[in-house]
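Visitor: So that we are looking at the same thing, I have put the structure below in structure tokens.
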Amino acid sequence: MSEAERARANFERFARGEPIAVEVGEIERELGSLWQQASQAGGSVVSRAVLWNLVVPTRGQAGLEKTKALCDALAPVVPVRAIALCIDDASGGSALTATIDSNVVSQPGGGRVVCCEEISLVGPPGTEAHFGAIVRALQVPGVRTATLWMDAAMPSALLARELLPATRRLIVDTASCGRPIQLRDLEALATRAYPRPVADLGWLRLESFRLLFAGLFDPPVGGGPLRHASRLTVRYRAGGDVSALLAVAWLGLLLDWKPTRAAETSDGGLRFDFERDDQGQVQAFLSPSGAACDRSAILAIELVNGRDEYAVIRTAVDQAEVRLPIAPPRTVKLDAASDAELVVAALGPRGRDPLFARSLTYAARLWSLEPRSAGSRR
Amino acid sequence: MEPRAPAPTLPNPLREGLVAERIPEPATMVIFGASGDLARRKLLPALYSLTRDRLLPSRFAVLGFGRQAIDDEAFREEMRRGCEEFARRRPLDAATWSGFARNLFYQQGAYDDPAAFQRLSARLAEIEQALGLPGNRVFYLSTPPSTFAPVIRSLGQARLAPRPEPGKPFARVIIEKPFGIDLETARALNHQVHEILDERQIYRIDHYLGKETVQNLLVFRFANGIFEPLWNNHFIDHVQITGAETVGVEGRGGYFEQAGILRDMVQNHLLQVLSLAAMEPPVAFEADGVRDEKLKVLKALRHIPSSDFDRQVIRAQYAAGSIGGRAVPAYRSEPGVDAHSTTETYVALKIFIDSWRWAGVPFYLRSGKRLPKRATEIAIHFKEAPHLLFGRRAETIRPNVLSIRIQPDEGIALNFGSKLPGPAMEVAPVSMEFRYGTSFGVEPPEAYERLLLDCLLGDGTLFTRADEVEASWTWVSRIHKRWAEETAAGDTNLPTYPAGTWGPEEADRMLAADGRAWRLP
């Protein structure tokens, strides 16, 4: 195949969004060449767009496929230059391999096309030492870089040493923490990342519940009942301990509760005791359940103040019942967003929520009180 | 029944960090003209979308008031159809709709019937008691302009809109456009309204101000360091503001005959946009700070002298033509339109603002019906570079244009010259574009969503104040007066433009005389 034929074949594959193998050192030049051909191919205008460099470290072919699917879903909404960095135990040889592919989005009417690109680098363990230099070379200048750190099992040194210096926003997913002890690792990571904003997809998944629960205390109820809360129950899907801890941490933080003690409960959950700022006592129960739930893992938040109860209780995967003493219960929609939608939110203003870092610190503090925190859950 | 005073509430600490840190207090919105098109196409869909986004209080009711004799259920069904068709948040979520619809009510009555307002008062009290609402009320006047004063008078007589007092429920009134048909009627209406209401209870709505790009104009100008230093007569050659519609009078010939495009589009929408584009930085981003600066612009609009009138004001009517591949009739052939009508469907204006910032910079405004495409934009045309280095290639160099698209496809584009690749120094215009939908990945909220929410929160920044309305009518009424004189003198021959074109040749000549041309939006 002649050079011209190879270039044409590559362009056709590129235009179809198929991956093209390229030399690692030639990625930028190949991309430039392919986009130039795209602009000469006639038809509609080609806009090569990028609002973020999005670096996604991942492990294994399955992780890479998941990353590619996420980038495909992001492209119509936020054009990014996605740089997937994959450590693959099954990768043959000792060198990194690179592929590039396009994401082409036709706008309504077909008049315009917004295009962005994905670069995938795959290598065996050990090649991650090269990732930092490659990311620095491939960042589109003048465009912010976010690192999507979704896999808690990835070597944290890669992030700390190689990627964090180039990162303006760190995006994590607490839902990927299988064990609450990993909250401490994330807290350490957030501290290291400071002053860069840290966004958490798990925190964003909680937002729907937080909004509904906060809404119970809008006027005319107001914040009064919260001051004398005596009991809080967070019911969650078994395995969603981290989400439940974050939900309790959110309330404890904003209501200025001081955690004093933790204990196990007979249903396999946890109980935390708090002291309110008026020296009153609050008991919080984290209660696991086998009920169906979305990835937020939260089934209910119930707060008792004397005889009054304020609660948001999931009644279906996408519905909840809202209860408060002064009105009949009502059913409301619970929003569930895809990971791609959450990443879009994390790249926007909602990804700069300082309350997450404070809640994470508070949740890690709660976990340090937990009697099993040094035991089996590690 | 007197509204109950709400118990003082403590702030909600759980709102910290959430998308909506402020949620309006529980309230009832009474929509006068609830069986009309605006309620079905805009107001209820906006309220539904706000509910869906959880931006309204959990306890919120809507009481529609209209002449049509229907019951609550029929009203809910009609509004459901409207929301299904027009709400930004579609398809409707069954649970959200069910909760929302449960608090929709309807009351039949005439706008000038005091007994109907007594019944309205009783129904409101009944709803508020049943839903535990504290008596906060917003009255939306989506009715013909002739009913504004009678409705407000009736609200006063029925004690439904008491003046604000600390610790008491609020009563606010949203008034749709047009606010008056000239300076005298606007002044008279302001006077009648002020007999019942405080100015801070009045929210004169101009939905253009609720559009994201119009609000972004302030952010664009005052939150970026690079534009404001150029935003003056040293760097700007002229400004074009276009409000183009493809539609004709759409069965409202009778209304449009009385209005004309100058009243319908320019006096409110385009002069508001102009005032935001031309105003000085406000001291603070709060209602009166912004409105004070807009008012200064409106007061600085230079009155057009008689000698220049024909060179600075062009009016025209559309003739038969074609829009979107179908033939459309001439304005004078539209139903409800006088065959000898002198009502303008197009107007082009050359305006000067007498201020240091804008001395010598013309603002060209144009608005028309049956133009080739629907587009509203502000185009800032910068001056040419002081010295052109590129010889004959300079012919292709065009001055920079910053265009701010208000609708559709809200966004901003900057045109500049760029070297064409190759050995020669050829220059070609290129464009850098920002589009809301693409850049932020979210569809901007509908203008009415933002404005209804602002009113419920008591924020009047995006509403028009009495003195602003009077200042714009002061300027516009002089043009109407001149046209009335011309008509009285028998001059009824308006220029025409075929439907589907960008207006009459006279408008092109107005700019050509200044060595300029209209930009294609």
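Every chain in the structure tokens takes a letter, A first, then B, and so on in the order presented; its residues are numbered from 1, and the ligands are numbered from 1 following the presented order.
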Find the residues around Ser94 (chain A) up to 9 Å (only C-alpha atoms counted), leave out those fewer than 5 positions away in its own chain, and share them as JSON, numbers by chain.

Guide: {"A": [123, 124, 125, 126, 127]}

Visitor: Using the selection just defined, write its residues with N, CA, C and O atoms as a short mmCIF file (atom, residue, chain, number, x, y, z; two decimals), in the first residue's frame.

Guide:
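Final output, result-v4.cif:
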```
data_model
loop_
_atom_site.label_atom_id
_atom_site.label_comp_id
_atom_site.auth_asym_id
_atom_site.auth_seq_id
_atom_site.Cartn_x
_atom_site.Cartn_y
_atom_site.Cartn_z
N GLY A 123 0.08 0.19 27.65
CA GLY A 123 1.39 -0.43 27.87
C GLY A 123 1.35 -1.35 29.07
O GLY A 123 0.41 -1.30 29.87
N PRO A 124 2.35 -2.21 29.19
CA PRO A 124 2.38 -3.12 30.33
C PRO A 124 2.77 -2.36 31.60
O PRO A 124 3.23 -1.22 31.53
N PRO A 125 2.58 -2.99 32.77
CA PRO A 125 2.98 -2.33 34.01
C PRO A 125 4.42 -1.86 33.91
O PRO A 125 5.28 -2.57 33.38
N GLY A 126 4.69 -0.70 34.39
CA GLY A 126 6.03 -0.12 34.32
C GLY A 126 6.09 1.02 33.33
O GLY A 126 6.83 1.99 33.51
N THR A 127 5.25 0.93 32.28
CA THR A 127 5.29 2.00 31.28
C THR A 127 4.61 3.27 31.78
O THR A 127 4.72 4.32 31.15
#
```

Visitor: Show which residues sit within 10 Å of region 376-387 of chain B, as number ranges by chain. Count only C-alpha atoms, and ignore same-chain residues fewer than 5 positions away.

Guide: B: 208, 213-214, 217, 230-245, 270, 273-274, 277, 363-367, 397-415, 518-519, 521

Visitor: Using only C-alpha atoms, which residue out of A:Ile87, A:Leu251, A:Leu70, A:Cys116 lies closest to Pro155 (chain A)?

Guide: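 Residue with the minimum atom-to-atom distance to Pro155 (chain A): A:Ile87.
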
Visitor: With chain B as the partner and 8 Å as the cut-off, tabulate the residues of chain A that qualify, each row holding the nearest pair of atoms and their distance in Å to one decimal, using only C-alpha atoms, sorted by chain and rising number, as a Markdown table.

Guide:
```
| residue | atom | partner | partner_atom | distance |
| --- | --- | --- | --- | --- |
| A:Leu51 | CA | B:Ser439 | CA | 7.6 |
| A:Pro76 | CA | B:Thr438 | CA | 7.7 |
| A:Val77 | CA | B:Gly441 | CA | 4.5 |
| A:Val78 | CA | B:Gly441 | CA | 5.9 |
| A:Glu207 | CA | B:Leu18 | CA | 7.8 |
| A:Leu211 | CA | B:Leu18 | CA | 7.0 |
| A:Ala214 | CA | B:Leu14 | CA | 5.1 |
| A:Gly215 | CA | B:Ser58 | CA | 7.1 |
| A:Leu216 | CA | B:Ser58 | CA | 7.9 |
| A:Phe217 | CA | B:Asn12 | CA | 5.8 |
| A:Asp218 | CA | B:Asn12 | CA | 6.0 |
| A:Pro219 | CA | B:Glu25 | CA | 5.5 |
| A:Pro220 | CA | B:Thr9 | CA | 6.1 |
| A:Val221 | CA | B:Thr9 | CA | 6.5 |
| A:Gly222 | CA | B:Thr9 | CA | 4.9 |
| A:Gly223 | CA | B:Asn12 | CA | 4.3 |
| A:Gly224 | CA | B:Leu10 | CA | 5.6 |
| A:Leu251 | CA | B:Leu14 | CA | 7.5 |
| A:Leu254 | CA | B:Pro13 | CA | 6.3 |
| A:Leu255 | CA | B:Pro13 | CA | 7.1 |
| A:Gln319 | CA | B:Ala95 | CA | 7.6 |
| A:Ile326 | CA | B:Gly132 | CA | 7.7 |
| A:Ala327 | CA | B:Leu131 | CA | 7.5 |
| A:Arg330 | CA | B:Gly99 | CA | 7.0 |
| A:Thr331 | CA | B:Ala95 | CA | 6.0 |
| A:Val332 | CA | B:Ala95 | CA | 5.3 |
| A:Lys333 | CA | B:Ala95 | CA | 5.8 |
| A:Val344 | CA | B:Gly441 | CA | 7.3 |
| A:Gly348 | CA | B:Phe440 | CA | 7.6 |
| A:Arg350 | CA | B:Val19 | CA | 7.7 |
| A:Asp353 | CA | B:Gly17 | CA | 6.4 |
| A:Pro354 | CA | B:Gly17 | CA | 7.8 |
| A:Leu355 | CA | B:Gly17 | CA | 6.4 |
```

Visitor: Rank nothing, just name the residue among B:Gly321, B:Pro45, B:Pro169, B:Pro114 nearest to Arg90 (chain B), using only C-alpha atoms.

Guide: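 Selected residue with least distance to Arg90 (chain B): B:Pro45.
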
Visitor: Quick one: DSSP helix (DSSP H, G or I) residues in region 364-412 of chain B, as a ChimeraX atom specification?

Guide: /B:391-396

Visitor: So which residues touch Val80 (chain A) within 8 Å, counting only C-alpha atoms, skipping near sequence neighbours fewer than 5 positions away, as a PyMOL selection string?

Guide: chain A and resi 49-54+74-75+116-117

Visitor: Would you save the residues from that selection as a tab-separated table (two decimals), in the first residue's frame, using N, CA and C atoms?

Guide:
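Saved file selection23.tsv follows:
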```tsv
chain	number	residue	atom	x	y	z
A	49	ALA	N	-12.79	20.83	18.09
A	49	ALA	CA	-13.12	21.57	19.31
A	49	ALA	C	-12.54	20.88	20.53
A	50	VAL	N	-12.10	21.67	21.47
A	50	VAL	CA	-11.68	21.10	22.75
A	50	VAL	C	-11.85	22.15	23.84
A	51	LEU	N	-12.58	21.79	24.86
A	51	LEU	CA	-12.75	22.68	26.02
A	51	LEU	C	-11.94	22.19	27.21
A	52	TRP	N	-11.64	20.92	27.25
A	52	TRP	CA	-10.83	20.34	28.33
A	52	TRP	C	-9.89	19.29	27.74
A	53	ASN	N	-8.71	19.20	28.30
A	53	ASN	CA	-7.92	17.98	28.15
A	53	ASN	C	-8.39	17.06	29.27
A	54	LEU	N	-8.80	15.87	28.92
A	54	LEU	CA	-9.31	14.96	29.94
A	54	LEU	C	-8.42	13.72	30.00
A	74	LEU	N	-19.52	11.78	26.13
A	74	LEU	CA	-19.21	13.18	26.49
A	74	LEU	C	-19.17	14.08	25.27
A	75	ALA	N	-18.69	13.53	24.14
A	75	ALA	CA	-18.36	14.35	22.98
A	75	ALA	C	-19.47	15.30	22.53
A	116	CYS	N	-14.03	16.12	18.27
A	116	CYS	CA	-12.97	16.08	19.25
A	116	CYS	C	-12.27	14.73	19.12
A	117	GLU	N	-11.26	14.52	19.91
A	117	GLU	CA	-10.42	13.37	19.62
A	117	GLU	C	-10.06	12.59	20.88
```

Visitor: Pull the strand (DSSP E) assignments for region 227-290 of chain A out of DSSP run on the backbone, and list those residues as a PDB file with N, CA and C atoms, in the first residue's frame.

Guide:
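Everything below was put into selection16.pdb:
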```
ATOM      1  N   ARG A 231     -32.409  12.269  66.221  1.00  0.00           N
ATOM      2  CA  ARG A 231     -32.104  10.973  65.610  1.00  0.00           C
ATOM      3  C   ARG A 231     -32.079  11.114  64.084  1.00  0.00           C
ATOM      4  N   LEU A 232     -31.067  10.520  63.502  1.00  0.00           N
ATOM      5  CA  LEU A 232     -30.934  10.530  62.040  1.00  0.00           C
ATOM      6  C   LEU A 232     -30.744   9.088  61.582  1.00  0.00           C
ATOM      7  N   THR A 233     -31.467   8.703  60.561  1.00  0.00           N
ATOM      8  CA  THR A 233     -31.274   7.367  59.996  1.00  0.00           C
ATOM      9  C   THR A 233     -30.995   7.496  58.494  1.00  0.00           C
ATOM     10  N   VAL A 234     -29.924   6.901  58.070  1.00  0.00           N
ATOM     11  CA  VAL A 234     -29.634   6.840  56.634  1.00  0.00           C
ATOM     12  C   VAL A 234     -29.689   5.369  56.227  1.00  0.00           C
ATOM     13  N   ARG A 235     -30.683   5.033  55.435  1.00  0.00           N
ATOM     14  CA  ARG A 235     -30.785   3.658  54.936  1.00  0.00           C
ATOM     15  C   ARG A 235     -30.115   3.608  53.563  1.00  0.00           C
ATOM     16  N   TYR A 236     -29.353   2.568  53.343  1.00  0.00           N
ATOM     17  CA  TYR A 236     -28.598   2.498  52.089  1.00  0.00           C
ATOM     18  C   TYR A 236     -28.500   1.071  51.596  1.00  0.00           C
ATOM     19  N   ARG A 237     -28.230   0.972  50.314  1.00  0.00           N
ATOM     20  CA  ARG A 237     -28.067  -0.359  49.719  1.00  0.00           C
ATOM     21  C   ARG A 237     -26.781  -0.977  50.258  1.00  0.00           C
ATOM     22  N   LYS A 258     -20.761  17.379  66.562  1.00  0.00           N
ATOM     23  CA  LYS A 258     -19.418  16.851  66.868  1.00  0.00           C
ATOM     24  C   LYS A 258     -19.527  15.353  67.106  1.00  0.00           C
ATOM     25  N   PRO A 259     -18.851  14.528  66.290  1.00  0.00           N
ATOM     26  CA  PRO A 259     -18.930  13.076  66.495  1.00  0.00           C
ATOM     27  C   PRO A 259     -18.186  12.681  67.771  1.00  0.00           C
ATOM     28  N   THR A 260     -18.808  11.820  68.586  1.00  0.00           N
ATOM     29  CA  THR A 260     -18.176  11.434  69.846  1.00  0.00           C
ATOM     30  C   THR A 260     -17.899   9.935  69.918  1.00  0.00           C
ATOM     31  N   ARG A 261     -18.732   9.121  69.280  1.00  0.00           N
ATOM     32  CA  ARG A 261     -18.603   7.681  69.469  1.00  0.00           C
ATOM     33  C   ARG A 261     -19.224   6.955  68.275  1.00  0.00           C
ATOM     34  N   ALA A 262     -18.713   5.753  68.036  1.00  0.00           N
ATOM     35  CA  ALA A 262     -19.314   4.920  66.987  1.00  0.00           C
ATOM     36  C   ALA A 262     -19.449   3.495  67.499  1.00  0.00           C
ATOM     37  N   ALA A 263     -20.433   2.780  66.976  1.00  0.00           N
ATOM     38  CA  ALA A 263     -20.638   1.393  67.386  1.00  0.00           C
ATOM     39  C   ALA A 263     -21.307   0.636  66.252  1.00  0.00           C
ATOM     40  N   GLU A 264     -21.144  -0.696  66.288  1.00  0.00           N
ATOM     41  CA  GLU A 264     -21.837  -1.520  65.303  1.00  0.00           C
ATOM     42  C   GLU A 264     -23.274  -1.736  65.739  1.00  0.00           C
ATOM     43  N   LEU A 270     -24.078   0.789  61.333  1.00  0.00           N
ATOM     44  CA  LEU A 270     -23.280   1.544  62.292  1.00  0.00           C
ATOM     45  C   LEU A 270     -24.156   2.566  63.011  1.00  0.00           C
ATOM     46  N   ARG A 271     -23.701   2.909  64.193  1.00  0.00           N
ATOM     47  CA  ARG A 271     -24.362   3.990  64.913  1.00  0.00           C
ATOM     48  C   ARG A 271     -23.281   4.992  65.316  1.00  0.00           C
ATOM     49  N   PHE A 272     -23.570   6.262  65.057  1.00  0.00           N
ATOM     50  CA  PHE A 272     -22.658   7.321  65.492  1.00  0.00           C
ATOM     51  C   PHE A 272     -23.392   8.217  66.480  1.00  0.00           C
ATOM     52  N   ASP A 273     -22.701   8.616  67.521  1.00  0.00           N
ATOM     53  CA  ASP A 273     -23.267   9.587  68.455  1.00  0.00           C
ATOM     54  C   ASP A 273     -22.610  10.939  68.207  1.00  0.00           C
ATOM     55  N   PHE A 274     -23.439  11.955  68.267  1.00  0.00           N
ATOM     56  CA  PHE A 274     -22.946  13.314  68.035  1.00  0.00           C
ATOM     57  C   PHE A 274     -23.384  14.222  69.178  1.00  0.00           C
ATOM     58  N   GLU A 275     -22.659  15.291  69.329  1.00  0.00           N
ATOM     59  CA  GLU A 275     -23.090  16.331  70.273  1.00  0.00           C
ATOM     60  C   GLU A 275     -23.417  17.568  69.459  1.00  0.00           C
ATOM     61  N   GLN A 281     -27.887  15.708  72.302  1.00  0.00           N
ATOM     62  CA  GLN A 281     -27.320  14.504  71.700  1.00  0.00           C
ATOM     63  C   GLN A 281     -28.085  14.117  70.422  1.00  0.00           C
ATOM     64  N   VAL A 282     -27.357  13.632  69.455  1.00  0.00           N
ATOM     65  CA  VAL A 282     -27.960  13.109  68.224  1.00  0.00           C
ATOM     66  C   VAL A 282     -27.405  11.702  67.994  1.00  0.00           C
ATOM     67  N   GLN A 283     -28.288  10.787  67.684  1.00  0.00           N
ATOM     68  CA  GLN A 283     -27.843   9.453  67.306  1.00  0.00           C
ATOM     69  C   GLN A 283     -28.094   9.284  65.803  1.00  0.00           C
ATOM     70  N   ALA A 284     -27.070   8.826  65.107  1.00  0.00           N
ATOM     71  CA  ALA A 284     -27.228   8.603  63.657  1.00  0.00           C
ATOM     72  C   ALA A 284     -27.009   7.133  63.358  1.00  0.00           C
ATOM     73  N   PHE A 285     -27.934   6.561  62.608  1.00  0.00           N
ATOM     74  CA  PHE A 285     -27.856   5.134  62.277  1.00  0.00           C
ATOM     75  C   PHE A 285     -27.647   4.980  60.779  1.00  0.00           C
ATOM     76  N   LEU A 286     -26.652   4.200  60.412  1.00  0.00           N
ATOM     77  CA  LEU A 286     -26.446   3.831  59.008  1.00  0.00           C
ATOM     78  C   LEU A 286     -26.934   2.398  58.872  1.00  0.00           C
ATOM     79  N   SER A 287     -27.995   2.232  58.113  1.00  0.00           N
ATOM     80  CA  SER A 287     -28.667   0.938  58.110  1.00  0.00           C
ATOM     81  C   SER A 287     -28.672   0.331  56.704  1.00  0.00           C
ATOM     82  N   PRO A 288     -27.940  -0.757  56.493  1.00  0.00           N
ATOM     83  CA  PRO A 288     -27.884  -1.354  55.153  1.00  0.00           C
ATOM     84  C   PRO A 288     -29.145  -2.155  54.838  1.00  0.00           C
ATOM     85  N   SER A 289     -29.430  -2.302  53.546  1.00  0.00           N
ATOM     86  CA  SER A 289     -30.637  -3.012  53.127  1.00  0.00           C
ATOM     87  C   SER A 289     -30.377  -3.662  51.770  1.00  0.00           C
TER      88      SER A 289
END
```

Visitor: Using only C-alpha atoms, which protein or nucleic acid residues come within 6 Å of region 299-312 of chain B? Drop anything in the same chain fewer than 2 positions from it, and give the result as a list in words.

Guide: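 Once the nearby chain positions are removed, what remains is Lys296, Val297, Leu349, Lys350, Phe352, Ile353, Asp354 and Ala471 of chain B.
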
Visitor: May I have the residues from that selection written out with N, CA and C atoms, as a compact mmCIF listing (two decimals), in the first residue's frame?

Guide:
```txt
# COMPACT_ATOMS: atom_id res chain seq x y z
N LYS B 296 -29.98 55.99 32.30
CA LYS B 296 -29.13 57.07 31.79
C LYS B 296 -28.96 56.96 30.28
N VAL B 297 -28.84 55.73 29.78
CA VAL B 297 -28.71 55.54 28.33
C VAL B 297 -29.99 55.98 27.63
N LEU B 349 -33.62 52.29 12.19
CA LEU B 349 -33.35 53.56 12.87
C LEU B 349 -31.85 53.79 12.99
N LYS B 350 -31.47 55.03 12.88
CA LYS B 350 -30.08 55.40 13.16
C LYS B 350 -30.12 56.28 14.41
N PHE B 352 -28.24 58.02 17.90
CA PHE B 352 -27.01 58.45 18.59
C PHE B 352 -27.28 58.56 20.08
N ILE B 353 -26.27 58.22 20.85
CA ILE B 353 -26.37 58.36 22.31
C ILE B 353 -25.44 59.50 22.71
N ASP B 354 -26.00 60.50 23.32
CA ASP B 354 -25.20 61.67 23.67
C ASP B 354 -24.48 61.44 24.99
N ALA B 471 -38.95 56.80 29.86
CA ALA B 471 -37.86 57.35 29.05
C ALA B 471 -37.88 56.77 27.64
```

Visitor: Need the shell around region 186-190 of chain B: protein/DNA/RNA residues with any atom at most 8 Å away, counting only C-alpha atoms. Skip same-chain ones fewer than 3 positions apart. Format as a PDB file with N, CA and C atoms, in the first residue's frame?

Guide:
```
ATOM      1  N   ALA B 149     -55.134  48.351  34.151  1.00  0.00           N
ATOM      2  CA  ALA B 149     -55.562  49.273  35.221  1.00  0.00           C
ATOM      3  C   ALA B 149     -56.787  48.733  35.967  1.00  0.00           C
ATOM      4  N   PHE B 179     -46.579  48.127  27.924  1.00  0.00           N
ATOM      5  CA  PHE B 179     -46.928  48.997  29.036  1.00  0.00           C
ATOM      6  C   PHE B 179     -47.209  50.379  28.447  1.00  0.00           C
ATOM      7  N   GLY B 180     -48.463  50.603  28.101  1.00  0.00           N
ATOM      8  CA  GLY B 180     -48.849  51.840  27.423  1.00  0.00           C
ATOM      9  C   GLY B 180     -48.653  51.715  25.931  1.00  0.00           C
ATOM     10  N   ILE B 181     -49.252  52.668  25.222  1.00  0.00           N
ATOM     11  CA  ILE B 181     -49.045  52.675  23.771  1.00  0.00           C
ATOM     12  C   ILE B 181     -48.307  53.939  23.337  1.00  0.00           C
ATOM     13  N   ASP B 182     -48.099  54.837  24.277  1.00  0.00           N
ATOM     14  CA  ASP B 182     -47.280  56.022  24.035  1.00  0.00           C
ATOM     15  C   ASP B 182     -46.917  56.614  25.398  1.00  0.00           C
ATOM     16  N   LEU B 183     -46.247  57.748  25.371  1.00  0.00           N
ATOM     17  CA  LEU B 183     -45.778  58.321  26.636  1.00  0.00           C
ATOM     18  C   LEU B 183     -46.942  58.642  27.580  1.00  0.00           C
ATOM     19  N   VAL B 193     -51.294  52.547  38.537  1.00  0.00           N
ATOM     20  CA  VAL B 193     -50.704  51.397  39.239  1.00  0.00           C
ATOM     21  C   VAL B 193     -50.141  51.842  40.585  1.00  0.00           C
ATOM     22  N   HIS B 194     -49.497  53.014  40.584  1.00  0.00           N
ATOM     23  CA  HIS B 194     -48.889  53.501  41.834  1.00  0.00           C
ATOM     24  C   HIS B 194     -49.935  53.916  42.864  1.00  0.00           C
ATOM     25  N   ALA B 466     -40.452  52.005  36.221  1.00  0.00           N
ATOM     26  CA  ALA B 466     -41.384  52.993  35.660  1.00  0.00           C
ATOM     27  C   ALA B 466     -40.648  54.070  34.865  1.00  0.00           C
ATOM     28  N   VAL B 469     -39.462  52.883  31.448  1.00  0.00           N
ATOM     29  CA  VAL B 469     -40.562  52.785  30.481  1.00  0.00           C
ATOM     30  C   VAL B 469     -40.886  54.174  29.929  1.00  0.00           C
ATOM     31  N   GLU B 470     -40.957  55.137  30.831  1.00  0.00           N
ATOM     32  CA  GLU B 470     -41.323  56.486  30.378  1.00  0.00           C
ATOM     33  C   GLU B 470     -40.220  57.091  29.513  1.00  0.00           C
ATOM     34  N   TRP B 473     -40.504  55.542  26.068  1.00  0.00           N
ATOM     35  CA  TRP B 473     -41.677  56.079  25.361  1.00  0.00           C
ATOM     36  C   TRP B 473     -41.449  57.530  24.955  1.00  0.00           C
TER      37      TRP B 473
END
```

Visitor: Between A:Thr145, A:Ser2, A:Ser102, A:Ser243, which one has atoms that come closest to Ile298 (chain A), using only C-alpha atoms?

Guide: A:Ser243

Visitor: For Arg123 (chain B), list every protein, DNA or RNA residue within 10 Å, evaluated using only C-alpha atoms, and leave out those in the same chain fewer than 2 positions away; present the list as a ChimeraX atom specification.

Guide: /B:1,63,105-107,117-121,125-129

Visitor: Could you please take those selected residues and save C-alpha atoms as a PDB file, in the first residue's frame?

Guide:
```
ATOM      1  CA  MET B   1     -60.000  36.829  54.797  1.00  0.00           C
ATOM      2  CA  LEU B  63     -54.676  29.851  40.468  1.00  0.00           C
ATOM      3  CA  PHE B 105     -56.700  25.679  40.260  1.00  0.00           C
ATOM      4  CA  TYR B 106     -58.984  27.765  38.115  1.00  0.00           C
ATOM      5  CA  GLN B 107     -61.444  30.531  38.891  1.00  0.00           C
ATOM      6  CA  PHE B 117     -62.486  39.590  42.751  1.00  0.00           C
ATOM      7  CA  GLN B 118     -64.272  38.923  46.019  1.00  0.00           C
ATOM      8  CA  ARG B 119     -64.764  35.346  44.879  1.00  0.00           C
ATOM      9  CA  LEU B 120     -61.103  35.246  43.882  1.00  0.00           C
ATOM     10  CA  SER B 121     -60.125  36.453  47.348  1.00  0.00           C
ATOM     11  CA  ALA B 125     -57.832  32.046  51.155  1.00  0.00           C
ATOM     12  CA  GLU B 126     -59.352  28.593  50.807  1.00  0.00           C
ATOM     13  CA  ILE B 127     -56.387  27.299  48.773  1.00  0.00           C
ATOM     14  CA  GLU B 128     -53.860  28.866  51.111  1.00  0.00           C
ATOM     15  CA  GLN B 129     -55.522  27.330  54.114  1.00  0.00           C
TER      16      GLN B 129
END
```

Visitor: Of the candidates A:Asp267, A:Glu5, A:Asp88, A:Asp200, which shows the shortest atom-to-atom distance to Ala346 (chain A), using only C-alpha atoms?

Guide: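 Among the listed residues, the smallest separation from Ala346 (chain A) belongs to A:Asp200.
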
Visitor: Return the single residue from B:Val476, B:Ile323, B:Leu453, B:Ala39 that is closest to Ala27 (chain B), with distances computed using only C-alpha atoms.

Guide: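 Comparing B:Val476, B:Ile323, B:Leu453, B:Ala39 against Ala27 (chain B), the winner is B:Leu453.
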
Visitor: Quick check, in Å to one decimal: how far apart do CA of Leu303 (chain A) and CA of Gly269 (chain A) lie?

Guide: 17.1 Å
